[in-house]
Amino acid sequence: MKKKYFLFVFALAIAWLFISPAVFAQYEKTEESGDKLAYVKQQPYETVKVTTPAGKVVKNVILMIGDGMGLTQVSTAWVANHGNLNIDNFPVIGLKRTYAANKLITDSGAAGTALATGKKTNYHSVGVDTAGNSIPSLTDLASEKGLSTAVVVTCNLSDATPSAFCASNKDRDNEEEIAADYLNCNVDYIFGGGRNQFYKRKDGRNLFKEMEAKGYQVCFTWEETAKIETGKVFSVLDDGQLPLYPERGEVFKDATLHALSLLSGSEKGFFAMFEGSRIDDCGHWHDIPALINEMADFDQTIGRVLQWAEKDGETLVIVLADHETGGLTLLGGDISKGEVKGHYSTGSHSGIHVPVYAWGPGAEEFAGIYENTDIFNKIAGLLKLK
């Protein structure tokens with residue numbers, strides 16, 4: 001018996017001598033030199049420095065969502081840009097919980113709904129409570145109070161986050177139903193991708209014509225959009241999501257600033273939601289170079305928004321994530337070289353707390369640790385929407 005045991009252990013040891021080098025070599029290749037798990041940014045972009053306004057009046061609120069942007073995504077972008085981000089300007093930082101009503105690990109539907117409506121809902125639901133009843137969003141309440149509103153994203157307009165602010169459905173996958181809800185959302189400036197859900201539909205409807213009948217100026221290119229100086233805007237630039245940055249160019253930043261230009265004429269103020277949507281995709285794909293590009297576009301847009309808000313003096317800017325995607329870990333790199341090395345632990349979302357950054361009048365309300373639903377309550381209180 002002892003002889004058989006000895007021979008068995010000896011065979012395992014011999015096998016391990018042959019197998020282990022291949023195992024470790026594969027691990028090192030994946031961790032250290034995989035094309036999508038490391039990145040070096042040779043030329044960092046310049047960041048801005050802004051001064052917080054002295055006044056305490058909150059006339060406007062800008063909510064900027066980095067979809068899937070956890071603390072590690074921010075840290076990775078910071079290292080890649082040689083130790084500088086526009087996010088560094090924010091004096092107030094909080095942490096929020098992200099779980100859905102029926103699931104610890106949320107999706108963008110439930111997470112976006114919590115931000116937009118102040119209610120926890122079920123995984124994959126948008127704009128409804130756990131029973132499927134429609135809930136008014138921040139854009140709805142702002143419109144009812146006479147404030148101007150905007151939603152600017154880089155994903156399909158029928159995707160989860162914009163849907164949470166503009167539509168209601170038990171299942172975010174019902175994209176044609178969600179697209180039809182835009183006819184009743186009353187948001188003044190709408191920008192994103194996803195044309196197919198609006199005119200290549202099973203029911204044969206052309207929602208673009210119906211949006212025009214509602215008084216919207218419908219645009220299919222940035223050039224058309226940029227010419228608009230007044231009135232309602234419905235701009236959909238791609239059949240699907242907008243391309244990744246830098247392929248899509250500066251349209252996210254440009255559309256954000258264009259929206260601010262149009263909304264700033266509102267006497268009662270405005271509420272705007274701007275989302276860097278495709279940060280999330282990069283987490284699902286485990287693609288650090290693509291992630292850093294998306295984070296760079298988002299952060300550079302933040303810089304321009306802060307400069308605009310500094311001049312205005314009555315605008316609160318909030319930057320946050322709806323959830324974290326990929327379970328990203330920053331394992332190494334070099335700040336002086338803009339070099340990062342990372343690893344992902346999941347192809348889906350994680351359940352960690354995510355950051356909230358606040359700047360401007362009312363920013364102090366966003367310090368601490370709280371539920372994602374509190375974002376709605378704090379914004380609604382500051383804008384006197386309830």
# chains A, B, ... in the order shown; residues from 1 in each chain; ligands from 1

$ residues_around --residues "A:Tyr39" --least-positions-apart "3" --cutoff "6 Å" --atoms "only C-alpha atoms" --output "PyMOL selection string"
chain A and resi 289+339-340

$ write_last_selection --atoms "N, CA and C atoms" --output "PDB file, in the first residue's frame"
ATOM      1  N   PRO A 289      -6.312  49.419 -22.651  1.00  0.00           N
ATOM      2  CA  PRO A 289      -6.071  50.550 -23.552  1.00  0.00           C
ATOM      3  C   PRO A 289      -7.358  51.263 -23.976  1.00  0.00           C
ATOM      4  N   GLU A 339       2.511  54.445 -17.536  1.00  0.00           N
ATOM      5  CA  GLU A 339       2.409  52.998 -17.775  1.00  0.00           C
ATOM      6  C   GLU A 339       1.531  52.350 -16.715  1.00  0.00           C
ATOM      7  N   VAL A 340       0.606  51.512 -17.153  1.00  0.00           N
ATOM      8  CA  VAL A 340      -0.248  50.782 -16.216  1.00  0.00           C
ATOM      9  C   VAL A 340      -0.297  49.299 -16.587  1.00  0.00           C
TER      10      VAL A 340
END

$ residues_around --residues "stretch 88-91 of chain A" --least-positions-apart "5" --cutoff "10 Å" --atoms "only C-alpha atoms" --output "number ranges by chain"
A: 47-52, 78, 83, 299, 302-303, 306, 317-319, 356-360, 363-364, 367

$ select_by_dssp --residues "stretch 62-187 of chain A" --states "helix (DSSP H, G or I)" --output "ChimeraX atom specification"
/A:71-80,86-89,108-117,138-144,160-166,175-184

$ select_by_dssp --residues "stretch 175-281 of chain A" --states "strand (DSSP E or B)" --output "MDAnalysis selection string"
chainID A and resid 189:193 216:219 232:236 270:276

$ write_last_selection --atoms "N, CA and C atoms" --output "short mmCIF file (atom, residue, chain, number, x, y, z; two decimals), in the first residue's frame"
data_model
loop_
_atom_site.label_atom_id
_atom_site.label_comp_id
_atom_site.auth_asym_id
_atom_site.auth_seq_id
_atom_site.Cartn_x
_atom_site.Cartn_y
_atom_site.Cartn_z
N TYR A 189 -32.90 68.48 -24.73
CA TYR A 189 -31.72 68.19 -25.55
C TYR A 189 -31.37 66.72 -25.37
N ILE A 190 -31.51 65.94 -26.43
CA ILE A 190 -31.26 64.50 -26.37
C ILE A 190 -30.23 64.15 -27.43
N PHE A 191 -29.16 63.48 -27.01
CA PHE A 191 -28.06 63.17 -27.93
C PHE A 191 -27.51 61.78 -27.62
N GLY A 192 -27.29 60.98 -28.67
CA GLY A 192 -26.69 59.65 -28.48
C GLY A 192 -26.68 58.86 -29.77
N GLY A 193 -26.68 57.54 -29.63
CA GLY A 193 -26.71 56.64 -30.78
C GLY A 193 -27.97 55.79 -30.76
N TYR A 216 -39.42 68.52 -31.98
CA TYR A 216 -37.97 68.34 -31.92
C TYR A 216 -37.33 68.58 -33.29
N GLN A 217 -36.12 69.12 -33.26
CA GLN A 217 -35.28 69.20 -34.45
C GLN A 217 -34.44 67.93 -34.49
N VAL A 218 -34.74 67.05 -35.43
CA VAL A 218 -34.08 65.75 -35.51
C VAL A 218 -32.83 65.86 -36.37
N CYS A 219 -31.71 65.36 -35.84
CA CYS A 219 -30.42 65.45 -36.54
C CYS A 219 -29.76 64.07 -36.60
N LYS A 232 -35.81 72.53 -29.20
CA LYS A 232 -35.56 71.15 -28.75
C LYS A 232 -34.73 70.39 -29.77
N VAL A 233 -33.85 69.54 -29.25
CA VAL A 233 -32.91 68.81 -30.09
C VAL A 233 -33.04 67.31 -29.85
N PHE A 234 -33.12 66.54 -30.94
CA PHE A 234 -33.09 65.08 -30.86
C PHE A 234 -32.04 64.62 -31.88
N SER A 235 -30.82 64.36 -31.41
CA SER A 235 -29.69 64.07 -32.28
C SER A 235 -29.24 62.63 -32.07
N VAL A 236 -29.31 61.82 -33.14
CA VAL A 236 -28.94 60.40 -33.06
C VAL A 236 -27.95 60.13 -34.19
N PHE A 270 -31.46 74.44 -14.95
CA PHE A 270 -31.56 73.19 -15.71
C PHE A 270 -30.99 72.01 -14.94
N PHE A 271 -31.37 70.83 -15.37
CA PHE A 271 -30.75 69.57 -14.93
C PHE A 271 -30.26 68.84 -16.18
N ALA A 272 -29.01 68.39 -16.16
CA ALA A 272 -28.45 67.68 -17.31
C ALA A 272 -27.74 66.42 -16.85
N MET A 273 -27.91 65.34 -17.61
CA MET A 273 -27.20 64.09 -17.36
C MET A 273 -26.32 63.79 -18.57
N PHE A 274 -25.01 63.71 -18.34
CA PHE A 274 -24.05 63.39 -19.39
C PHE A 274 -23.34 62.09 -19.01
N GLU A 275 -23.39 61.09 -19.89
CA GLU A 275 -22.81 59.78 -19.55
C GLU A 275 -21.68 59.38 -20.49
N GLY A 276 -20.53 59.04 -19.90
CA GLY A 276 -19.46 58.35 -20.62
C GLY A 276 -19.80 56.87 -20.64
#

$ atom_distance --atom1 "atom CA of A:Thr121" --atom2 "atom CA of A:Tyr99"
9.5 Å

$ closest_residue --among "A:Leu330, A:Ala180, A:Leu291, A:Ile228" --to "A:Arg278" --atoms "only C-alpha atoms"
A:Leu291

$ closest_residue --among "A:Pro243, A:Gly283, A:Gly313, A:Gly269" --to "A:Gly68" --atoms "only C-alpha atoms"
A:Gly283

$ residues_around --residues "A:Lys41" --least-positions-apart "6" --cutoff "10 Å" --atoms "only C-alpha atoms" --output "PDB file with C-alpha atoms, in the first residue's frame"
ATOM      1  CA  ALA A  77      -6.586  56.733 -15.840  1.00  0.00           C
ATOM      2  CA  VAL A  79      -1.496  56.879 -13.701  1.00  0.00           C
ATOM      3  CA  ALA A  80      -1.857  56.693 -17.498  1.00  0.00           C
ATOM      4  CA  ASN A  81      -2.119  60.497 -17.688  1.00  0.00           C
ATOM      5  CA  HIS A  82       1.128  60.863 -15.718  1.00  0.00           C
ATOM      6  CA  PRO A 289      -6.071  50.550 -23.552  1.00  0.00           C
ATOM      7  CA  ILE A 292      -7.991  54.561 -20.771  1.00  0.00           C
ATOM      8  CA  ASN A 293      -9.100  56.179 -24.031  1.00  0.00           C
ATOM      9  CA  ILE A 335       3.425  57.336 -13.214  1.00  0.00           C
ATOM     10  CA  SER A 336       6.300  59.160 -14.919  1.00  0.00           C
ATOM     11  CA  LYS A 337       5.885  56.996 -18.024  1.00  0.00           C
ATOM     12  CA  GLY A 338       2.075  56.779 -17.975  1.00  0.00           C
ATOM     13  CA  GLU A 339       2.409  52.998 -17.775  1.00  0.00           C
ATOM     14  CA  VAL A 340      -0.248  50.782 -16.216  1.00  0.00           C
TER      15      VAL A 340
END
